[in-house]
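Peer 1: So here's data00.cif, just mmCIF, C-alpha atoms and all ligand atoms:
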data_coords
loop_
_atom_site.group_PDB
_atom_site.id
_atom_site.type_symbol
_atom_site.label_atom_id
_atom_site.label_comp_id
_atom_site.auth_asym_id
_atom_site.auth_seq_id
_atom_site.Cartn_x
_atom_site.Cartn_y
_atom_site.Cartn_z
ATOM 1 C CA MET Q 1 -25.677 29.194 25.663
ATOM 2 C CA SER Q 2 -24.194 29.363 29.148
ATOM 3 C CA THR Q 3 -20.448 29.731 29.602
ATOM 4 C CA PRO Q 4 -18.865 26.279 29.594
ATOM 5 C CA THR Q 5 -17.466 25.010 32.871
ATOM 6 C CA VAL Q 6 -13.829 24.041 33.236
ATOM 7 C CA PRO Q 7 -14.598 20.292 33.060
ATOM 8 C CA GLN Q 8 -16.640 20.942 29.925
ATOM 9 C CA LEU Q 9 -13.767 22.897 28.396
ATOM 10 C CA LEU Q 10 -11.294 20.157 29.303
ATOM 11 C CA ARG Q 11 -13.579 17.477 27.863
ATOM 12 C CA GLU Q 12 -14.002 19.427 24.635
ATOM 13 C CA ALA Q 13 -10.292 20.242 24.371
ATOM 14 C CA HIS Q 14 -9.451 16.582 24.971
ATOM 15 C CA ARG Q 15 -11.874 15.427 22.287
ATOM 16 C CA LEU Q 16 -10.629 17.986 19.767
ATOM 17 C CA ARG Q 17 -6.969 17.258 20.440
ATOM 18 C CA ARG Q 18 -7.475 13.508 20.091
ATOM 19 C CA HIS Q 19 -9.393 14.068 16.893
ATOM 20 C CA LEU Q 20 -6.562 16.234 15.534
ATOM 21 C CA ARG Q 21 -4.065 13.525 16.407
ATOM 22 C CA GLU Q 22 -6.149 10.918 14.541
ATOM 23 C CA LEU Q 23 -6.480 13.254 11.561
ATOM 24 C CA LYS Q 24 -2.741 13.791 11.471
ATOM 25 C CA SER Q 25 -1.983 10.066 11.500
ATOM 26 C CA GLU Q 26 -4.548 9.503 8.743
ATOM 27 C CA ILE Q 27 -3.051 12.303 6.671
ATOM 28 C CA ASP Q 28 0.469 10.956 7.280
ATOM 29 C CA LEU Q 29 -0.667 7.547 6.043
ATOM 30 C CA GLY Q 30 -1.521 9.005 2.600
ATOM 31 C CA PRO Q 31 1.932 8.956 0.999
ATOM 32 C CA ARG Q 32 2.538 5.371 2.136
ATOM 33 C CA VAL Q 33 -0.745 4.175 0.640
ATOM 34 C CA GLN Q 34 0.091 6.108 -2.544
ATOM 35 C CA LYS Q 35 3.471 4.394 -2.749
ATOM 36 C CA ILE Q 36 1.892 0.930 -2.452
ATOM 37 C CA GLN Q 37 -0.547 1.801 -5.254
ATOM 38 C CA GLU Q 38 2.297 3.088 -7.428
ATOM 39 C CA GLN Q 39 4.200 -0.152 -6.900
ATOM 40 C CA LYS Q 40 1.100 -2.133 -7.843
ATOM 41 C CA LEU Q 41 0.752 -0.091 -11.038
ATOM 42 C CA ALA Q 42 4.434 -0.538 -11.897
ATOM 43 C CA ALA Q 43 4.134 -4.306 -11.410
ATOM 44 C CA ALA Q 44 1.084 -4.417 -13.702
ATOM 45 C CA LYS Q 45 2.936 -2.362 -16.310
ATOM 46 C CA GLN Q 46 5.883 -4.718 -16.205
ATOM 47 C CA ALA Q 47 3.678 -7.824 -16.437
ATOM 48 C CA HIS Q 48 1.968 -6.305 -19.491
ATOM 49 C CA ALA Q 49 5.279 -5.456 -21.171
ATOM 50 C CA GLU Q 50 6.609 -8.922 -20.428
ATOM 51 C CA ALA Q 51 3.550 -10.594 -21.955
ATOM 52 C CA HIS Q 52 4.100 -8.717 -25.231
ATOM 53 C CA ASP Q 53 7.837 -9.217 -25.019
ATOM 54 C CA ALA Q 54 7.436 -12.958 -24.625
ATOM 55 C CA VAL Q 55 5.360 -13.117 -27.822
ATOM 56 C CA GLN Q 56 7.982 -11.177 -29.773
ATOM 57 C CA LYS Q 57 10.793 -13.331 -28.426
ATOM 58 C CA LEU Q 58 8.909 -16.516 -29.272
ATOM 59 C CA LYS Q 59 8.320 -15.328 -32.833
ATOM 60 C CA LEU Q 60 12.023 -14.587 -33.201
ATOM 61 C CA LYS Q 61 13.040 -17.917 -31.747
ATOM 62 C CA ILE Q 62 10.694 -19.826 -34.061
ATOM 63 C CA ARG Q 63 12.065 -17.870 -37.028
ATOM 64 C CA ASP Q 64 15.616 -18.662 -35.933
ATOM 65 C CA ASP Q 65 14.805 -22.343 -35.458
ATOM 66 C CA GLU Q 66 13.145 -22.453 -38.864
ATOM 67 C CA GLY Q 67 16.242 -20.910 -40.424
ATOM 68 C CA THR Q 68 18.462 -23.443 -38.699
ATOM 69 C CA LEU Q 69 16.117 -26.251 -39.754
ATOM 70 C CA LYS Q 70 16.427 -25.176 -43.360
ATOM 71 C CA GLN Q 71 20.231 -25.215 -43.090
ATOM 72 C CA GLU Q 72 20.164 -28.631 -41.443
ATOM 73 C CA ASN Q 73 17.945 -30.011 -44.196
ATOM 74 C CA THR Q 74 20.302 -28.633 -46.835
ATOM 75 C CA ARG Q 75 23.245 -30.176 -45.010
ATOM 76 C CA LEU Q 76 21.426 -33.522 -44.722
ATOM 77 C CA ALA Q 77 20.706 -33.545 -48.447
ATOM 78 C CA LYS Q 78 24.363 -32.815 -49.086
ATOM 79 C CA PHE Q 79 25.489 -35.654 -46.798
ATOM 80 C CA GLU Q 80 23.039 -38.025 -48.465
ATOM 81 C CA GLY Q 81 24.374 -37.023 -51.869
ATOM 82 C CA GLN Q 82 27.937 -37.596 -50.687
ATOM 83 C CA LEU Q 83 27.068 -41.069 -49.388
ATOM 84 C CA ASN Q 84 27.294 -42.657 -52.850
ATOM 85 C CA ASP Q 85 30.651 -40.981 -53.496
ATOM 86 C CA ALA Q 86 32.198 -42.473 -50.361
ATOM 87 C CA GLY Q 87 35.554 -43.912 -51.354
ATOM 88 C CA SER Q 88 35.955 -46.398 -48.523
ATOM 89 C CA PRO Q 89 33.810 -48.224 -45.958
ATOM 90 C CA LYS Q 90 35.314 -45.989 -43.290
ATOM 91 C CA GLU Q 91 34.333 -42.875 -45.214
ATOM 92 C CA TYR Q 92 30.871 -44.356 -45.783
ATOM 93 C CA GLU Q 93 30.533 -45.086 -42.071
ATOM 94 C CA GLY Q 94 31.560 -41.516 -41.237
ATOM 95 C CA LYS Q 95 29.049 -40.056 -43.646
ATOM 96 C CA GLN Q 96 26.277 -42.198 -42.183
ATOM 97 C CA SER Q 97 27.162 -40.986 -38.740
ATOM 98 C CA GLU Q 98 26.930 -37.371 -39.946
ATOM 99 C CA ILE Q 99 23.544 -38.129 -41.508
ATOM 100 C CA ARG Q 100 22.303 -39.682 -38.273
ATOM 101 C CA GLN Q 101 23.405 -36.660 -36.252
ATOM 102 C CA ALA Q 102 21.838 -34.248 -38.732
ATOM 103 C CA LYS Q 103 18.559 -36.167 -38.519
ATOM 104 C CA GLU Q 104 18.667 -35.943 -34.712
ATOM 105 C CA ARG Q 105 19.218 -32.203 -34.860
ATOM 106 C CA ILE Q 106 16.367 -31.861 -37.360
ATOM 107 C CA ALA Q 107 14.020 -33.862 -35.119
ATOM 108 C CA ALA Q 108 14.949 -31.758 -32.112
ATOM 109 C CA LEU Q 109 14.441 -28.526 -34.082
ATOM 110 C CA GLU Q 110 11.071 -29.663 -35.398
ATOM 111 C CA GLU Q 111 10.008 -30.506 -31.883
ATOM 112 C CA ALA Q 112 11.197 -27.127 -30.578
ATOM 113 C CA ILE Q 113 9.398 -25.281 -33.380
ATOM 114 C CA LEU Q 114 6.174 -27.160 -32.708
ATOM 115 C CA ALA Q 115 6.367 -26.466 -28.968
ATOM 116 C CA GLY Q 116 7.190 -22.817 -29.698
ATOM 117 C CA MET Q 117 4.211 -22.464 -32.012
ATOM 118 C CA GLU Q 118 1.879 -23.973 -29.428
ATOM 119 C CA GLU Q 119 3.170 -21.590 -26.801
ATOM 120 C CA LEU Q 120 2.957 -18.672 -29.213
ATOM 121 C CA GLU Q 121 -0.657 -19.533 -29.944
ATOM 122 C CA ARG Q 122 -1.473 -19.770 -26.249
ATOM 123 C CA ARG Q 123 0.283 -16.502 -25.400
ATOM 124 C CA THR Q 124 -1.163 -14.652 -28.379
ATOM 125 C CA ALA Q 125 -4.664 -15.805 -27.436
ATOM 126 C CA ASN Q 126 -4.072 -14.468 -23.935
ATOM 127 C CA LEU Q 127 -2.824 -11.027 -25.053
ATOM 128 C CA PRO Q 128 -6.303 -9.440 -24.922
ATOM 129 C CA ASN Q 129 -6.484 -10.542 -21.275
ATOM 130 C CA ASP Q 130 -3.045 -9.072 -20.627
ATOM 131 C CA ASP Q 131 -4.124 -5.801 -22.255
ATOM 132 C CA GLN Q 132 -7.332 -5.778 -20.237
ATOM 133 C CA ALA Q 133 -5.463 -6.393 -16.976
ATOM 134 C CA TRP Q 134 -3.169 -3.457 -17.726
ATOM 135 C CA ALA Q 135 -6.112 -1.228 -18.632
ATOM 136 C CA ASN Q 136 -7.849 -2.237 -15.395
ATOM 137 C CA ALA Q 137 -4.741 -1.509 -13.344
ATOM 138 C CA GLN Q 138 -4.487 1.964 -14.863
ATOM 139 C CA ALA Q 139 -8.172 2.668 -14.291
ATOM 140 C CA GLU Q 140 -7.885 1.475 -10.688
ATOM 141 C CA PHE Q 141 -4.923 3.750 -10.125
ATOM 142 C CA GLU Q 142 -6.779 6.747 -11.558
ATOM 143 C CA GLN Q 143 -9.721 5.958 -9.291
ATOM 144 C CA PHE Q 144 -7.368 5.587 -6.335
ATOM 145 C CA LYS Q 145 -5.888 9.034 -7.037
ATOM 146 C CA LEU Q 146 -9.356 10.589 -7.182
ATOM 147 C CA ASP Q 147 -10.402 8.886 -3.955
ATOM 148 C CA ALA Q 148 -7.143 9.784 -2.241
ATOM 149 C CA LYS Q 149 -7.483 13.439 -3.186
ATOM 150 C CA GLU Q 150 -11.086 13.538 -2.012
ATOM 151 C CA ARG Q 151 -10.075 11.869 1.237
ATOM 152 C CA LEU Q 152 -7.147 14.227 1.797
ATOM 153 C CA ASP Q 153 -9.293 17.285 1.069
ATOM 154 C CA ARG Q 154 -11.869 16.051 3.573
ATOM 155 C CA LEU Q 155 -9.208 15.368 6.225
ATOM 156 C CA LEU Q 156 -7.557 18.758 5.696
ATOM 157 C CA ALA Q 157 -10.898 20.565 5.918
ATOM 158 C CA ASP Q 158 -11.708 18.666 9.107
ATOM 159 C CA GLN Q 159 -8.254 19.469 10.458
ATOM 160 C CA LYS Q 160 -8.688 23.165 9.726
ATOM 161 C CA ALA Q 161 -12.159 23.334 11.290
ATOM 162 C CA THR Q 162 -11.092 21.308 14.332
ATOM 163 C CA ALA Q 163 -8.015 23.490 14.862
ATOM 164 C CA ALA Q 164 -10.206 26.594 14.749
ATOM 165 C CA THR Q 165 -12.659 25.107 17.266
ATOM 166 C CA LEU Q 166 -9.769 24.098 19.498
ATOM 167 C CA ALA Q 167 -8.280 27.592 19.350
ATOM 168 C CA ALA Q 168 -11.630 29.021 20.486
ATOM 169 C CA THR Q 169 -11.889 26.401 23.243
ATOM 170 C CA ASP Q 170 -8.332 27.060 24.421
ATOM 171 C CA ALA Q 171 -9.069 30.793 24.521
ATOM 172 C CA SER Q 172 -12.067 30.154 26.794
ATOM 173 C CA PHE Q 173 -10.024 28.725 29.649
ATOM 174 C CA PRO Q 174 -9.941 30.979 32.713
ATOM 175 C CA ALA Q 175 -6.670 32.888 32.811
ATOM 176 C CA ALA Q 176 -5.742 31.395 36.189
ATOM 177 C CA MET Q 177 -5.391 27.888 34.769
ATOM 178 C CA LYS Q 178 -4.354 28.657 31.195
ATOM 179 C CA ALA Q 179 -0.606 28.437 31.805
ATOM 180 C CA GLN Q 180 -0.931 25.044 33.483
ATOM 181 C CA TYR Q 181 -3.194 23.783 30.718
ATOM 182 C CA ASP Q 182 -0.802 25.019 28.037
ATOM 183 C CA ARG Q 183 2.151 23.364 29.743
ATOM 184 C CA LEU Q 184 0.357 19.988 29.949
ATOM 185 C CA VAL Q 185 -0.830 19.876 26.338
ATOM 186 C CA LYS Q 186 2.557 21.073 25.161
ATOM 187 C CA ALA Q 187 4.273 18.265 27.067
ATOM 188 C CA TYR Q 188 1.817 15.419 26.383
ATOM 189 C CA GLY Q 189 -0.449 16.512 23.549
ATOM 190 C CA PRO Q 190 -3.999 15.144 23.919
ATOM 191 C CA ASP Q 191 -2.732 12.866 26.689
ATOM 192 C CA GLY Q 192 -2.116 15.898 28.890
ATOM 193 C CA LEU Q 193 -5.836 15.687 29.721
ATOM 194 C CA ALA Q 194 -7.677 12.742 31.211
ATOM 195 C CA GLU Q 195 -11.226 11.826 32.026
ATOM 196 C CA VAL Q 196 -12.016 10.375 35.427
ATOM 197 C CA SER Q 197 -14.263 7.327 35.078
ATOM 198 C CA GLY Q 198 -15.801 6.528 38.423
ATOM 199 C CA LYS Q 199 -12.810 7.420 40.568
ATOM 200 C CA VAL Q 200 -10.093 6.277 38.189
ATOM 201 C CA CYS Q 201 -7.802 8.579 36.195
ATOM 202 C CA GLY Q 202 -8.186 7.743 32.506
ATOM 203 C CA GLN Q 203 -4.455 8.180 31.904
ATOM 204 C CA CYS Q 204 -2.774 6.256 34.734
ATOM 205 C CA ARG Q 205 -5.732 4.180 36.003
ATOM 206 C CA VAL Q 206 -5.042 5.159 39.625
ATOM 207 C CA SER Q 207 -7.958 6.204 41.873
ATOM 208 C CA ILE Q 208 -8.262 9.817 42.877
ATOM 209 C CA ALA Q 209 -9.378 11.133 46.267
ATOM 210 C CA GLU Q 210 -13.056 11.927 46.819
ATOM 211 C CA GLN Q 211 -12.135 15.528 47.603
ATOM 212 C CA GLN Q 212 -10.331 15.860 44.239
ATOM 213 C CA ARG Q 213 -13.409 14.626 42.471
ATOM 214 C CA ASN Q 214 -15.545 17.184 44.312
ATOM 215 C CA ASP Q 215 -13.074 19.913 43.361
ATOM 216 C CA ILE Q 216 -13.248 18.911 39.695
ATOM 217 C CA VAL Q 217 -17.038 18.956 39.735
ATOM 218 C CA ALA Q 218 -16.865 22.368 41.424
ATOM 219 C CA GLY Q 219 -14.919 23.640 38.397
ATOM 220 C CA LYS Q 220 -11.413 23.703 39.827
ATOM 221 C CA PHE Q 221 -8.395 22.819 37.762
ATOM 222 C CA VAL Q 222 -7.245 19.546 39.289
ATOM 223 C CA CYS Q 223 -4.292 17.474 38.195
ATOM 224 C CA CYS Q 224 -3.927 13.754 38.924
ATOM 225 C CA SER Q 225 -1.555 13.359 41.895
ATOM 226 C CA THR Q 226 -0.074 10.261 40.248
ATOM 227 C CA CYS Q 227 0.444 11.218 36.576
ATOM 228 C CA GLY Q 228 -0.094 14.977 36.697
ATOM 229 C CA ARG Q 229 -2.712 15.131 33.923
ATOM 230 C CA ALA Q 230 -5.512 17.708 34.077
ATOM 231 C CA LEU Q 231 -8.673 15.875 35.059
ATOM 232 C CA TYR Q 232 -12.321 16.232 34.114
ATOM 233 C CA VAL Q 233 -15.295 14.070 34.989
ATOM 234 C CA GLU Q 234 -18.148 12.705 32.928
ATOM 235 C CA PRO Q 235 -20.946 15.261 32.513
ATOM 236 C CA THR Q 236 -23.493 15.383 35.305
ATOM 237 C CA PRO Q 237 -26.930 14.403 33.973
ATOM 238 C CA PRO Q 238 -29.429 17.281 34.097
ATOM 239 C CA GLY Q 239 -31.291 17.559 37.400
ATOM 240 C CA VAL Q 240 -28.688 15.565 39.319
ATOM 241 C CA GLY Q 241 -26.085 16.872 41.804
HETATM 242 ZN ZN ZN I 1 -3.404 9.938 36.461
#
Could I get this file's structure written as structure tokens?

Peer 2:
Amino acid sequence: MSTPTVPQLLREAHRLRRHLRELKSEIDLGPRVQKIQEQKLAAAKQAHAEAHDAVQKLKLKIRDDEGTLKQENTRLAKFEGQLNDAGSPKEYEGKQSEIRQAKERIAALEEAILAGMEELERRTANLPNDDQAWANAQAEFEQFKLDAKERLDRLLADQKATAATLAATDASFPAAMKAQYDRLVKAYGPDGLAEVSGKVCGQCRVSIAEQQRNDIVAGKFVCCSTCGRALYVEPTPPGVG
């Protein structure tokens, strides 16, 4: 393989540096994606706990209501027994009022118990779905962790290999232009280098002089007179120029 020309080196360095920048942003994205997945898992866990909780609470409430119903029935029987012992019409009237109120409370309790039992049945029937949803969420999270690790390993390996290739490319620059090159990539990262498309600088979109283009093709280190980036041109097709 022939020694690469300066434009070839600049093109390669530009490609590698942009690729490294993309890799870094992808790697940096990892913890944020992980956090979103953790929040999703926590929400699924809470929904699952709440589904079971709701069943327990309903059972307790029905038991409470049934206890109260029993007391109300006892009280009603007592009031009804006292009705015949009423000493005066006023007392009789009062007792009847108590009986009426007790009957209203009993009706309301019976209605609440019935509604509670219907809801309990519905929620209990749905518990297998709730359990399945939680199991699915956990399995999805485990799969996410596996995928994320595989992805990170791949990105890190790519990063390592690309950095090594870049180091070799950087070391190939002629000594005369190395300091300038280093200064530009230090200041601007990948954007310290720019491809000329036609006559236009890929960084600032301003046209360059014909002579500059000739100098680039001739292998000189040329910086854009507008934005200062090191320029390279598209490869010359074989047999042309
Ligand atoms: Zn420019």

Peer 1: I'd like the residues picked by the PyMOL selection byres (((not hetatm)) within 10 of (chain I and resi 1)) written out as a compact mmCIF listing (two decimals) with C-alpha atoms, in the frame of the given file, using the chain letters and numbers from the file.

Peer 2:
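Contents of expr_30.txt, freshly written:
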# COMPACT_ATOMS: atom_id res chain seq x y z
CA GLY Q 192 -2.12 15.90 28.89
CA LEU Q 193 -5.84 15.69 29.72
CA ALA Q 194 -7.68 12.74 31.21
CA GLU Q 195 -11.23 11.83 32.03
CA VAL Q 196 -12.02 10.38 35.43
CA VAL Q 200 -10.09 6.28 38.19
CA CYS Q 201 -7.80 8.58 36.20
CA GLY Q 202 -8.19 7.74 32.51
CA GLN Q 203 -4.46 8.18 31.90
CA CYS Q 204 -2.77 6.26 34.73
CA ARG Q 205 -5.73 4.18 36.00
CA VAL Q 206 -5.04 5.16 39.62
CA SER Q 207 -7.96 6.20 41.87
CA ILE Q 208 -8.26 9.82 42.88
CA CYS Q 223 -4.29 17.47 38.20
CA CYS Q 224 -3.93 13.75 38.92
CA SER Q 225 -1.56 13.36 41.90
CA THR Q 226 -0.07 10.26 40.25
CA CYS Q 227 0.44 11.22 36.58
CA GLY Q 228 -0.09 14.98 36.70
CA ARG Q 229 -2.71 15.13 33.92
CA ALA Q 230 -5.51 17.71 34.08
CA LEU Q 231 -8.67 15.88 35.06

Peer 1: With distances taken over only C-alpha atoms, which of Q:Gln212, Q:Ser197, Q:Gln56, Q:Gln71 is nearest to Pro235 in chain Q?

Peer 2: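 Selected residue with least distance to Pro235 in chain Q: Q:Ser197.
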
Peer 1: Write out as a tab-separated table (two decimals) with C-alpha atoms, keeping the file's coordinate frame which residues come within 8 Å of Leu69 in chain Q when counting only C-alpha atoms, dropping same-chain ones fewer than 3 positions away.

Peer 2:
chain	number	residue	atom	x	y	z
Q	65	ASP	CA	14.80	-22.34	-35.46
Q	66	GLU	CA	13.14	-22.45	-38.86
Q	72	GLU	CA	20.16	-28.63	-41.44
Q	73	ASN	CA	17.94	-30.01	-44.20
Q	106	ILE	CA	16.37	-31.86	-37.36
Q	109	LEU	CA	14.44	-28.53	-34.08
Q	110	GLU	CA	11.07	-29.66	-35.40

Peer 1: For the structure provided, state which residues fall under the PyMOL selection byres (((chain Q and resi 99) around 10) and not hetatm), and present them as JSON, numbers by chain.

Peer 2: {"Q": [75, 76, 77, 78, 79, 80, 83, 93, 94, 95, 96, 97, 98, 100, 101, 102, 103, 104, 105]}

Peer 1: Would you output that residue set with C-alpha atoms, as an mmCIF file, in the frame of the given file?

Peer 2:
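Here's the written file selection-v2.cif:
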data_model
loop_
_atom_site.group_PDB
_atom_site.id
_atom_site.type_symbol
_atom_site.label_atom_id
_atom_site.label_comp_id
_atom_site.auth_asym_id
_atom_site.auth_seq_id
_atom_site.Cartn_x
_atom_site.Cartn_y
_atom_site.Cartn_z
ATOM 1 C CA ARG Q 75 23.245 -30.176 -45.010
ATOM 2 C CA LEU Q 76 21.426 -33.522 -44.722
ATOM 3 C CA ALA Q 77 20.706 -33.545 -48.447
ATOM 4 C CA LYS Q 78 24.363 -32.815 -49.086
ATOM 5 C CA PHE Q 79 25.489 -35.654 -46.798
ATOM 6 C CA GLU Q 80 23.039 -38.025 -48.465
ATOM 7 C CA LEU Q 83 27.068 -41.069 -49.388
ATOM 8 C CA GLU Q 93 30.533 -45.086 -42.071
ATOM 9 C CA GLY Q 94 31.560 -41.516 -41.237
ATOM 10 C CA LYS Q 95 29.049 -40.056 -43.646
ATOM 11 C CA GLN Q 96 26.277 -42.198 -42.183
ATOM 12 C CA SER Q 97 27.162 -40.986 -38.740
ATOM 13 C CA GLU Q 98 26.930 -37.371 -39.946
ATOM 14 C CA ARG Q 100 22.303 -39.682 -38.273
ATOM 15 C CA GLN Q 101 23.405 -36.660 -36.252
ATOM 16 C CA ALA Q 102 21.838 -34.248 -38.732
ATOM 17 C CA LYS Q 103 18.559 -36.167 -38.519
ATOM 18 C CA GLU Q 104 18.667 -35.943 -34.712
ATOM 19 C CA ARG Q 105 19.218 -32.203 -34.860
#

Peer 1: Evaluate the PyMOL selection byres (((chain Q and resi 11) around 10) and not hetatm) against this structure - the residues, as a ChimeraX atom specification, please.

Peer 2: /Q:5-10,12-17,193-195,231-235

Peer 1: Please, could you write that set of residues out with C-alpha atoms as a CSV table (one decimal), in the coordinates of the input?

Peer 2:
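Written output follows (result28.csv):
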chain,number,residue,atom,x,y,z
Q,5,THR,CA,-17.5,25.0,32.9
Q,6,VAL,CA,-13.8,24.0,33.2
Q,7,PRO,CA,-14.6,20.3,33.1
Q,8,GLN,CA,-16.6,20.9,29.9
Q,9,LEU,CA,-13.8,22.9,28.4
Q,10,LEU,CA,-11.3,20.2,29.3
Q,12,GLU,CA,-14.0,19.4,24.6
Q,13,ALA,CA,-10.3,20.2,24.4
Q,14,HIS,CA,-9.5,16.6,25.0
Q,15,ARG,CA,-11.9,15.4,22.3
Q,16,LEU,CA,-10.6,18.0,19.8
Q,17,ARG,CA,-7.0,17.3,20.4
Q,193,LEU,CA,-5.8,15.7,29.7
Q,194,ALA,CA,-7.7,12.7,31.2
Q,195,GLU,CA,-11.2,11.8,32.0
Q,231,LEU,CA,-8.7,15.9,35.1
Q,232,TYR,CA,-12.3,16.2,34.1
Q,233,VAL,CA,-15.3,14.1,35.0
Q,234,GLU,CA,-18.1,12.7,32.9
Q,235,PRO,CA,-20.9,15.3,32.5
